[in-house]
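Colleague: Here it is: the structure, laid out below.
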Amino acid sequence: MLAKVFSGTTIGLDGVLIEVEVDVAGRGFPTVTIVGLPSKAVDEAKERVRTAIVNTSFEMPDSRITVNLAPADIPKVGSSFDLPIAVGVLAASGLVNKELLASSVFIGELSLEGKLRKIPGVISVAMMARAKKIKNIFLPIENAKEAALIDNLQIFPLYSLSDLVLHLNTIKLISQYEPVSIEDIASTALSAFDFADVKGQEHAKRALEIAAAGFHNVHLKGPPGTGKTMLSRAFPSILPPMTREEMLEVSRIFSVAGLLSQENLVTYRPYRSPHHTTSRIGLIGGGTNPTPGEITLAHRGVLFLDEFPEFPRSVLESLRQPIEDGMVTISRASGSLTFPSRFLLLAASNPCPCGYLGHPKRHCRCMPGSILRYKKRLSGPILDRIDLHVDVFPIDEAKLTEISDGEKSEDVRVRVIKARKRQHARFTNTKLVANGEMQNTDIKKFCHLTPEAIELLKQAISRLSLSARSYFKIIKVAQTIADLSEKNEIEVSFVAEALQYRAKEE
Ligand SMILES: Nc1ncnc2c1ncn2[C@@H]1O[C@H](COP(=O)(O)OP(=O)(O)OP(=O)(O)O)[C@@H](O)[C@H]1O
Ligand SMILES: [Mg+2]
């Protein structure tokens with residue numbers, strides 16, 4: 001007898017429908033054959049399914065079983081086909097009712113005793129099921145919450161294979177999982193530091209506030225021990241909350257990467273800080289079965305690259321396209337894949353290898369050649385994609401204790417959220433989320449400068465010989481400053497402040 005069961009897998013971040021056909025032939029040598037481009041893990045499903053069925057007190061049919069995973073040209077990886085294969089075997093043997101099969105998707109890994117185990121990529125598969133108008137999804141109980149983000153889908157959480165058999169045979173029904181309202185669970189990241197913990201450094205804090213409000217890339221540069229790492233670690237505490245769409249987008253990425261935490265959702269902006277020894281694939285994504293890299297895991301959040309010049313130049317160069325486009329294209333044998341990568345780049349560096357170049361009290365011990373080589377590691381095009389360049393100056397250690405506590409992160413965050421709201425209003429009906437994402441045409445359309453502000457910009461162009469790119473970057477930053485000041489026009493003082501954050505030639 002033949003049975004057909006629906007399941008799903010992911011290609012990149014997209015879910016695809018897989019039909020699992022199982023034929024249980026009456027006669028022949030008892031074997032199980034899986035066809036349709038299965039990977040090793042899928043082929044091993046035979047043994048897990050056989051043992052799980054036996055341990056669920058059914059008899060594994062003593063016949064020739066053929067499992068076909070269609071379409072055949074899509075590679076099948078992972079262990080999530082265990083459940084649909086088991087259901088197919090039971091249905092083809094007449095042990096479970098086939099009635100619900102046409103309107104359901106089944107995914108999940110089986111343990112030898114027939115319990116269900118968590119699998120990656122559930123949000124993508126659930127989205128696919130909804131798009132294909134399939135009503136029900138049966139999945140491991142630990143994956144239920146992430147699937148519940150997708151509305152118009154009936155979610156049946158499974159603890160074991162026997163629960164499912166009892167449900168399909170309408171002996172004991174499983175209760176559906178309640179939909180999750182994403183707004184109820186939005187939260188702020190727990191960051192290691194509060195802005196109030198960092199003494200002084202008002203200039204750097206202001207730059208970070210602008211960065212958070214307008215989603216601008218930032219580069220903090222200064223001698224050792226000035227608090228660059230500390231400021232960067234405090235940065236998540238001033239970021240605005242994610243919107244519903246953003247949480248879904250980011251949770252889907254983490255789901256595919258198999259990194260969803262116990263809460264099963266990413267409710268605050270990701271903050272990724274890969275070490276400079278991270279490989280190119282680790283950072284950009286890829287591999288034989290491409291998985292998202294750090295830049296995709298940082299989507300809608302922050303990619304913090306501490307000790308920026310220590311990253312190999314080739315790795316930094318590969319960031320250029322993703323920064324520009326907000327996505328990364330990964331080529332593989334069977335065509336290319338894209339992953340989203342709209343992250344905020346937060347970079348920190350020293351001015352030279354010893355760190356003390358330009359320090360008011362300490363001498364720099366570097367050879368001129370080594371300073372040059374150090375600077376060269378950061379290519380022009382990368383620095384050119386950073387809107388805010390900030391010098392972090394040393395504070396006199398004796399004075400550290402005298403400086404009173406700064407403003408708390410939660411107060412800064414209130415202003416950031418207000419500025420974001422103004423941007424949302426401005427960008428309705430566009431794909432833009434924040435000022436940092438504006439292209440030149442958007443800048444021309446959305447940014448209005450006062451005549452004095454235009455005059456100052458003109459002077460700056462001729463005196464500081466600014467490039468066209470810097471010109472637009474200054475307007476973008478000035479727009480965020482205007483949003484923070486709750487002003488509709490870009491005034492002359494906003495341009496003056498924005499000019500301070502340009503990259504200074506040394
Ligand atoms: N402004 C500050 N307020 C309070 N503590 C500070 C400040 N600056 C530095 N510190 C103290 O100094 C330590 C070192 O700071 P941090 O690691 O942030 O420096 P850094 O600029 O990243 O240095 P490096 O260039 O060596 O990485 C911090 O853990 C903190 O205890
Ligand atoms: Mg540091």
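Following the order of the structure tokens, chains are lettered A, B, ..., residues in each are numbered from 1, and ligands are numbered from 1.
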Can you work out which residues are within 9 Å of ligand 2, considering only C-alpha atoms and all ligand atoms, and then hand them over as a PyMOL selection string?
Modeller: chain A and resi 224-230+232+306-307+348-350
Colleague: I need the chosen residues saved as a PDB file, in the first residue's frame, with C-alpha atoms.
Modeller:
ATOM      1  CA  PRO A 224      43.876  51.226  25.314  1.00  0.00           C
ATOM      2  CA  GLY A 225      41.768  51.416  28.441  1.00  0.00           C
ATOM      3  CA  THR A 226      39.616  54.352  27.379  1.00  0.00           C
ATOM      4  CA  GLY A 227      36.427  52.332  27.630  1.00  0.00           C
ATOM      5  CA  LYS A 228      35.801  51.461  23.959  1.00  0.00           C
ATOM      6  CA  THR A 229      34.951  47.841  24.698  1.00  0.00           C
ATOM      7  CA  MET A 230      32.941  48.916  27.741  1.00  0.00           C
ATOM      8  CA  SER A 232      30.306  48.832  23.001  1.00  0.00           C
ATOM      9  CA  ASP A 306      36.506  44.635  18.511  1.00  0.00           C
ATOM     10  CA  GLU A 307      40.168  45.134  17.607  1.00  0.00           C
ATOM     11  CA  ALA A 348      36.610  49.493  17.793  1.00  0.00           C
ATOM     12  CA  SER A 349      40.299  50.013  17.188  1.00  0.00           C
ATOM     13  CA  ASN A 350      43.492  51.552  18.493  1.00  0.00           C
TER      14      ASN A 350
END
Colleague: Name all residues at most 6 Å from segment 50-66 of chain A (count only C-alpha atoms; drop same-chain ones fewer than 5 positions away) and give them as an MDAnalysis selection string.
Modeller: chainID A and resid 22:33 112:114 162
Colleague: The selected residues should be written to file as a JSON list (two decimals), in the first residue's frame (atoms: N, CA and C atoms).
Modeller:
[["chain", "number", "residue", "atom", "x", "y", "z"],
["A", 22, "VAL", "N", 5.57, 6.70, 0.80],
["A", 22, "VAL", "CA", 6.03, 5.43, 1.37],
["A", 22, "VAL", "C", 5.23, 4.29, 0.77],
["A", 23, "ASP", "N", 5.96, 3.32, 0.25],
["A", 23, "ASP", "CA", 5.29, 2.14, -0.29],
["A", 23, "ASP", "C", 5.69, 0.93, 0.54],
["A", 24, "VAL", "N", 4.68, 0.23, 1.03],
["A", 24, "VAL", "CA", 4.96, -0.98, 1.77],
["A", 24, "VAL", "C", 4.49, -2.14, 0.90],
["A", 25, "ALA", "N", 5.46, -2.85, 0.31],
["A", 25, "ALA", "CA", 5.11, -3.92, -0.61],
["A", 25, "ALA", "C", 4.84, -5.20, 0.18],
["A", 26, "GLY", "N", 3.84, -5.93, -0.23],
["A", 26, "GLY", "CA", 3.40, -7.12, 0.51],
["A", 26, "GLY", "C", 4.47, -8.19, 0.61],
["A", 27, "ARG", "N", 5.17, -8.39, -0.50],
["A", 27, "ARG", "CA", 6.12, -9.49, -0.48],
["A", 27, "ARG", "C", 7.54, -8.98, -0.67],
["A", 28, "GLY", "N", 8.49, -9.84, -0.48],
["A", 28, "GLY", "CA", 9.88, -9.46, -0.73],
["A", 28, "GLY", "C", 10.70, -9.47, 0.54],
["A", 29, "PHE", "N", 11.99, -9.27, 0.32],
["A", 29, "PHE", "CA", 12.92, -9.29, 1.45],
["A", 29, "PHE", "C", 12.69, -8.04, 2.31],
["A", 30, "PRO", "N", 12.57, -8.16, 3.63],
["A", 30, "PRO", "CA", 12.30, -6.97, 4.45],
["A", 30, "PRO", "C", 13.46, -5.97, 4.44],
["A", 31, "THR", "N", 13.29, -4.86, 3.72],
["A", 31, "THR", "CA", 14.33, -3.81, 3.66],
["A", 31, "THR", "C", 13.64, -2.45, 3.65],
["A", 32, "VAL", "N", 14.43, -1.43, 3.96],
["A", 32, "VAL", "CA", 13.93, -0.06, 3.82],
["A", 32, "VAL", "C", 14.89, 0.66, 2.89],
["A", 33, "THR", "N", 14.37, 1.27, 1.84],
["A", 33, "THR", "CA", 15.22, 2.03, 0.92],
["A", 33, "THR", "C", 14.70, 3.45, 0.87],
["A", 112, "LEU", "N", 15.14, 6.86, 19.84],
["A", 112, "LEU", "CA", 14.90, 5.42, 19.69],
["A", 112, "LEU", "C", 13.67, 4.96, 20.45],
["A", 113, "GLU", "N", 13.34, 5.69, 21.55],
["A", 113, "GLU", "CA", 12.16, 5.25, 22.30],
["A", 113, "GLU", "C", 10.87, 5.88, 21.77],
["A", 114, "GLY", "N", 10.97, 6.64, 20.66],
["A", 114, "GLY", "CA", 9.77, 7.17, 20.05],
["A", 114, "GLY", "C", 9.37, 8.55, 20.53],
["A", 162, "SER", "N", 3.60, 7.98, 19.81],
["A", 162, "SER", "CA", 2.33, 7.35, 20.17],
["A", 162, "SER", "C", 1.22, 8.39, 20.37]]
Colleague: So, counting only C-alpha atoms and all ligand atoms, which residue among A:Leu357, A:Leu149, A:Ala460, A:Val87 is closest to ligand 1?
Modeller: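 Of A:Leu357, A:Leu149, A:Ala460, A:Val87, the one nearest ligand 1 is A:Leu357, counting only C-alpha atoms and all ligand atoms.
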Colleague: Find the spatial neighbours of Glu491 of chain A, counting only C-alpha atoms, within a cut-off of 8 Å - ignore same-chain residues fewer than 2 positions away - and output them as a count of residues only.
Modeller: 9
Colleague: Give the strand (DSSP E or B) residues of segment 9-67 of chain A, as DSSP finds them on the backbone, and put them as a list in words.
Modeller: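 Restricting segment 9-67 of chain A to strand (DSSP E or B) produces Thr9, Thr10, Ile11, Asp14, Gly15, Val16, Leu17, Ile18, Glu19, Val20, Glu21, Val22, Asp23, Val24, Ala25, Thr31, Val32, Thr33, Ile34, Val35, Pro38, Arg64, Ile65, Thr66 and Val67 of chain A.
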Colleague: Just give me the gap between atom CA of Ser255 of chain A and atom CA of Glu44 of chain A in Å, one decimal is fine.
Modeller: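 Computed distance, atom CA of Ser255 of chain A to atom CA of Glu44 of chain A, equals 22.9 Å.
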Colleague: Can you tell me, as a PyMOL selection string, which residues in segment 357-394 of chain A count as alpha helix (DSSP H) by DSSP?
Modeller: chain A and resi 368-377+380-384
Colleague: Pick out the residues sitting within 9 Å of Val16 of chain A, and hand them over as a VMD selection string; count only C-alpha atoms, and ignore anything fewer than 3 positions along from it in its own chain.
Modeller: chain A and resid 7 to 11 124 to 125 128 to 129
Colleague: Which residues come within 10 Å of Phe308 of chain A, counting only C-alpha atoms, excluding same-chain residues fewer than 2 positions away, as a compact mmCIF listing (two decimals) with N, CA and C atoms, in the first residue's frame?
Modeller:
# COMPACT_ATOMS: atom_id res chain seq x y z
N HIS A 219 32.55 53.71 14.21
CA HIS A 219 33.92 53.27 14.46
C HIS A 219 34.46 54.05 15.66
N LEU A 220 34.77 53.34 16.75
CA LEU A 220 35.34 54.00 17.93
C LEU A 220 36.85 53.79 17.89
N LYS A 221 37.59 54.88 17.96
CA LYS A 221 39.04 54.76 17.86
C LYS A 221 39.68 55.48 19.04
N HIS A 275 35.17 36.89 17.24
CA HIS A 275 36.59 37.16 17.49
C HIS A 275 37.30 37.36 16.15
N HIS A 276 38.45 38.04 16.18
CA HIS A 276 39.10 38.30 14.90
C HIS A 276 39.70 37.07 14.25
N PHE A 304 29.53 43.58 16.35
CA PHE A 304 30.61 44.30 17.03
C PHE A 304 31.94 43.65 16.67
N LEU A 305 32.79 44.41 16.00
CA LEU A 305 34.12 43.90 15.66
C LEU A 305 35.14 44.65 16.50
N ASP A 306 35.53 44.02 17.62
CA ASP A 306 36.51 44.64 18.51
C ASP A 306 37.88 44.38 17.91
N GLU A 310 42.67 43.87 13.49
CA GLU A 310 43.23 42.52 13.62
C GLU A 310 42.52 41.51 12.72
N PHE A 311 41.33 41.86 12.23
CA PHE A 311 40.63 40.95 11.32
C PHE A 311 41.40 40.90 10.00
N PRO A 312 41.56 39.71 9.42
CA PRO A 312 42.29 39.64 8.15
C PRO A 312 41.62 40.54 7.11
N ARG A 313 42.45 41.17 6.31
CA ARG A 313 41.93 42.14 5.36
C ARG A 313 40.92 41.51 4.40
N LEU A 316 37.59 41.41 6.05
CA LEU A 316 36.95 42.73 6.11
C LEU A 316 36.44 43.15 4.73
N LEU A 346 29.57 47.97 14.44
CA LEU A 346 30.19 48.73 15.51
C LEU A 346 31.63 48.23 15.59
N ALA A 347 32.57 49.09 15.23
CA ALA A 347 33.97 48.67 15.20
C ALA A 347 34.77 49.45 16.23
N ALA A 348 35.74 48.79 16.84
CA ALA A 348 36.61 49.49 17.79
C ALA A 348 38.05 49.21 17.44
N SER A 349 38.89 50.24 17.51
CA SER A 349 40.30 50.01 17.19
C SER A 349 41.19 50.99 17.94
N ASN A 350 42.47 50.65 17.95
CA ASN A 350 43.49 51.55 18.49
C ASN A 350 44.05 52.35 17.32
N ARG A 377 45.48 48.20 6.91
CA ARG A 377 44.62 47.02 7.04
C ARG A 377 43.16 47.38 6.92
N LEU A 378 42.83 48.58 7.36
CA LEU A 378 41.45 49.02 7.20
C LEU A 378 41.37 49.73 5.87
Colleague: With distances taken over only C-alpha atoms, which of A:Leu297, A:Val328, A:Val218, A:Val414 is nearest to Pro241 of chain A?
Modeller: A:Val414
Colleague: For each of A:Tyr356, A:Tyr374, A:Phe138, A:Tyr268, take the minimum atom-to-atom distance to ligand 1, counting only C-alpha atoms and all ligand atoms, then give the residue where this is smallest.
Modeller: A:Tyr356
Colleague: Would you write out, as a Markdown table, a table of all residues in segment 205-225 of chain A that have an atom no more than 6 Å from an atom of segment 435-445 of chain A, listing for each the closest atom pair and the distance in Å to one decimal, considering only C-alpha atoms and ordering rows by chain and rising residue number?
Modeller:
| residue | atom | partner | partner_atom | distance |
| --- | --- | --- | --- | --- |
| A:Gly214 | CA | A:Asn435 | CA | 4.9 |
| A:Phe215 | CA | A:Gly436 | CA | 5.1 |
| A:His216 | CA | A:Gly436 | CA | 4.7 |
Colleague: Save out the residues we just selected, C-alpha atoms, as a CSV table (one decimal), in the first residue's frame.
Modeller:
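Output (out20.csv):
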chain,number,residue,atom,x,y,z
A,214,GLY,CA,19.5,56.1,12.9
A,215,PHE,CA,21.1,52.7,12.5
A,216,HIS,CA,24.4,54.1,11.5
Colleague: Got a sec: who's within 8 Å of segment 195-210 of chain A, counting only C-alpha atoms, leaving out chain neighbours fewer than 2 positions off, as an MDAnalysis selection string?
Modeller: chainID A and resid 193 212:216 218 220 227 230:231 234:235 237:238 388 390:393 395 400 403:409 412 416 477 480:481 484 501
Colleague: Got time to write the residues from that selection, N, CA and C atoms, as a short mmCIF file (atom, residue, chain, number, x, y, z; two decimals), in the first residue's frame?
Modeller:
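Just written: part.cif:
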data_model
loop_
_atom_site.label_atom_id
_atom_site.label_comp_id
_atom_site.auth_asym_id
_atom_site.auth_seq_id
_atom_site.Cartn_x
_atom_site.Cartn_y
_atom_site.Cartn_z
N PHE A 193 26.83 46.19 30.63
CA PHE A 193 27.01 47.49 31.30
C PHE A 193 25.85 48.41 30.99
N ALA A 212 22.36 54.44 17.33
CA ALA A 212 21.20 53.60 17.68
C ALA A 212 19.92 54.18 17.09
N ALA A 213 19.82 55.50 17.10
CA ALA A 213 18.59 56.14 16.61
C ALA A 213 18.44 56.00 15.11
N GLY A 214 19.56 56.14 14.36
CA GLY A 214 19.46 56.13 12.90
C GLY A 214 20.02 54.89 12.24
N PHE A 215 20.45 53.90 13.05
CA PHE A 215 21.05 52.67 12.55
C PHE A 215 22.25 52.99 11.65
N HIS A 216 23.18 53.78 12.19
CA HIS A 216 24.40 54.15 11.45
C HIS A 216 25.56 53.28 11.93
N VAL A 218 29.29 52.63 13.17
CA VAL A 218 30.18 53.48 13.99
C VAL A 218 31.56 52.87 14.12
N LEU A 220 34.77 53.34 16.75
CA LEU A 220 35.34 54.00 17.93
C LEU A 220 36.85 53.79 17.89
N GLY A 227 37.83 52.73 27.45
CA GLY A 227 36.43 52.33 27.63
C GLY A 227 35.71 52.01 26.33
N MET A 230 34.00 48.72 26.75
CA MET A 230 32.94 48.92 27.74
C MET A 230 31.72 49.63 27.11
N LEU A 231 31.99 50.69 26.37
CA LEU A 231 30.91 51.42 25.69
C LEU A 231 30.16 50.51 24.72
N ALA A 234 27.88 48.21 26.38
CA ALA A 234 26.69 48.88 26.92
C ALA A 234 25.70 49.25 25.82
N PHE A 235 26.15 49.20 24.58
CA PHE A 235 25.35 49.68 23.45
C PHE A 235 23.97 49.00 23.31
N SER A 237 21.90 48.21 25.37
CA SER A 237 20.91 48.73 26.32
C SER A 237 20.21 49.99 25.82
N ILE A 238 20.71 50.62 24.74
CA ILE A 238 20.01 51.82 24.24
C ILE A 238 19.33 51.56 22.90
N LEU A 388 29.79 57.15 11.28
CA LEU A 388 30.25 57.90 12.46
C LEU A 388 31.64 57.44 12.87
N VAL A 390 34.51 58.09 15.55
CA VAL A 390 34.55 58.75 16.85
C VAL A 390 35.89 58.52 17.55
N ASP A 391 36.54 59.61 17.94
CA ASP A 391 37.76 59.48 18.72
C ASP A 391 37.39 59.38 20.19
N VAL A 392 37.91 58.35 20.84
CA VAL A 392 37.65 58.21 22.28
C VAL A 392 38.94 58.60 22.99
N PHE A 393 38.87 59.67 23.76
CA PHE A 393 40.08 60.21 24.38
C PHE A 393 40.30 59.63 25.77
N ILE A 395 40.87 59.44 29.71
CA ILE A 395 40.47 60.30 30.82
C ILE A 395 41.56 60.15 31.88
N LEU A 400 38.82 59.89 37.29
CA LEU A 400 37.73 58.94 37.04
C LEU A 400 36.74 58.88 38.20
N ILE A 403 34.36 62.05 38.49
CA ILE A 403 33.28 62.30 37.52
C ILE A 403 31.99 61.65 38.01
N SER A 404 30.91 62.44 37.97
CA SER A 404 29.65 61.87 38.46
C SER A 404 29.09 60.91 37.42
N ASP A 405 28.18 60.04 37.89
CA ASP A 405 27.60 59.04 36.99
C ASP A 405 26.89 59.71 35.84
N GLY A 406 26.99 59.12 34.68
CA GLY A 406 26.33 59.69 33.51
C GLY A 406 24.85 59.33 33.48
N GLU A 407 24.21 59.70 32.38
CA GLU A 407 22.80 59.42 32.19
C GLU A 407 22.59 57.90 32.06
N LYS A 408 21.47 57.43 32.57
CA LYS A 408 21.20 55.98 32.50
C LYS A 408 20.78 55.58 31.09
N SER A 409 21.07 54.32 30.74
CA SER A 409 20.72 53.83 29.40
C SER A 409 19.23 53.98 29.12
N VAL A 412 18.37 57.36 27.79
CA VAL A 412 18.87 57.57 26.41
C VAL A 412 17.94 56.83 25.45
N VAL A 416 15.99 57.58 21.79
CA VAL A 416 16.24 56.76 20.59
C VAL A 416 14.91 56.27 20.02
N VAL A 477 23.49 61.62 8.77
CA VAL A 477 23.72 61.75 10.21
C VAL A 477 22.99 62.98 10.75
N THR A 480 19.43 62.28 11.40
CA THR A 480 19.17 61.56 12.66
C THR A 480 19.26 62.53 13.84
N ILE A 481 20.22 63.45 13.78
CA ILE A 481 20.34 64.44 14.86
C ILE A 481 19.06 65.28 14.91
N LEU A 484 16.43 63.26 16.59
CA LEU A 484 16.63 63.22 18.04
C LEU A 484 16.21 64.54 18.68
N TYR A 501 31.80 63.97 12.97
CA TYR A 501 31.91 62.50 12.93
C TYR A 501 32.44 61.98 11.61
#
Colleague: Name the closest residue to Arg420 of chain A among the candidates A:Gly293, A:Ile34, A:Ser485, A:Lys473; distances are taken between atoms, counting only C-alpha atoms.
Modeller: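 So, comparing all the options, the nearest one is A:Ser485.
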Colleague: Using Å and a single decimal, report how far atom CA of Glu245 of chain A sits from atom CA of Lys145 of chain A.
Modeller: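 If I compute the distance from atom CA of Lys145 of chain A to atom CA of Glu245 of chain A, I get 16.3 Å.
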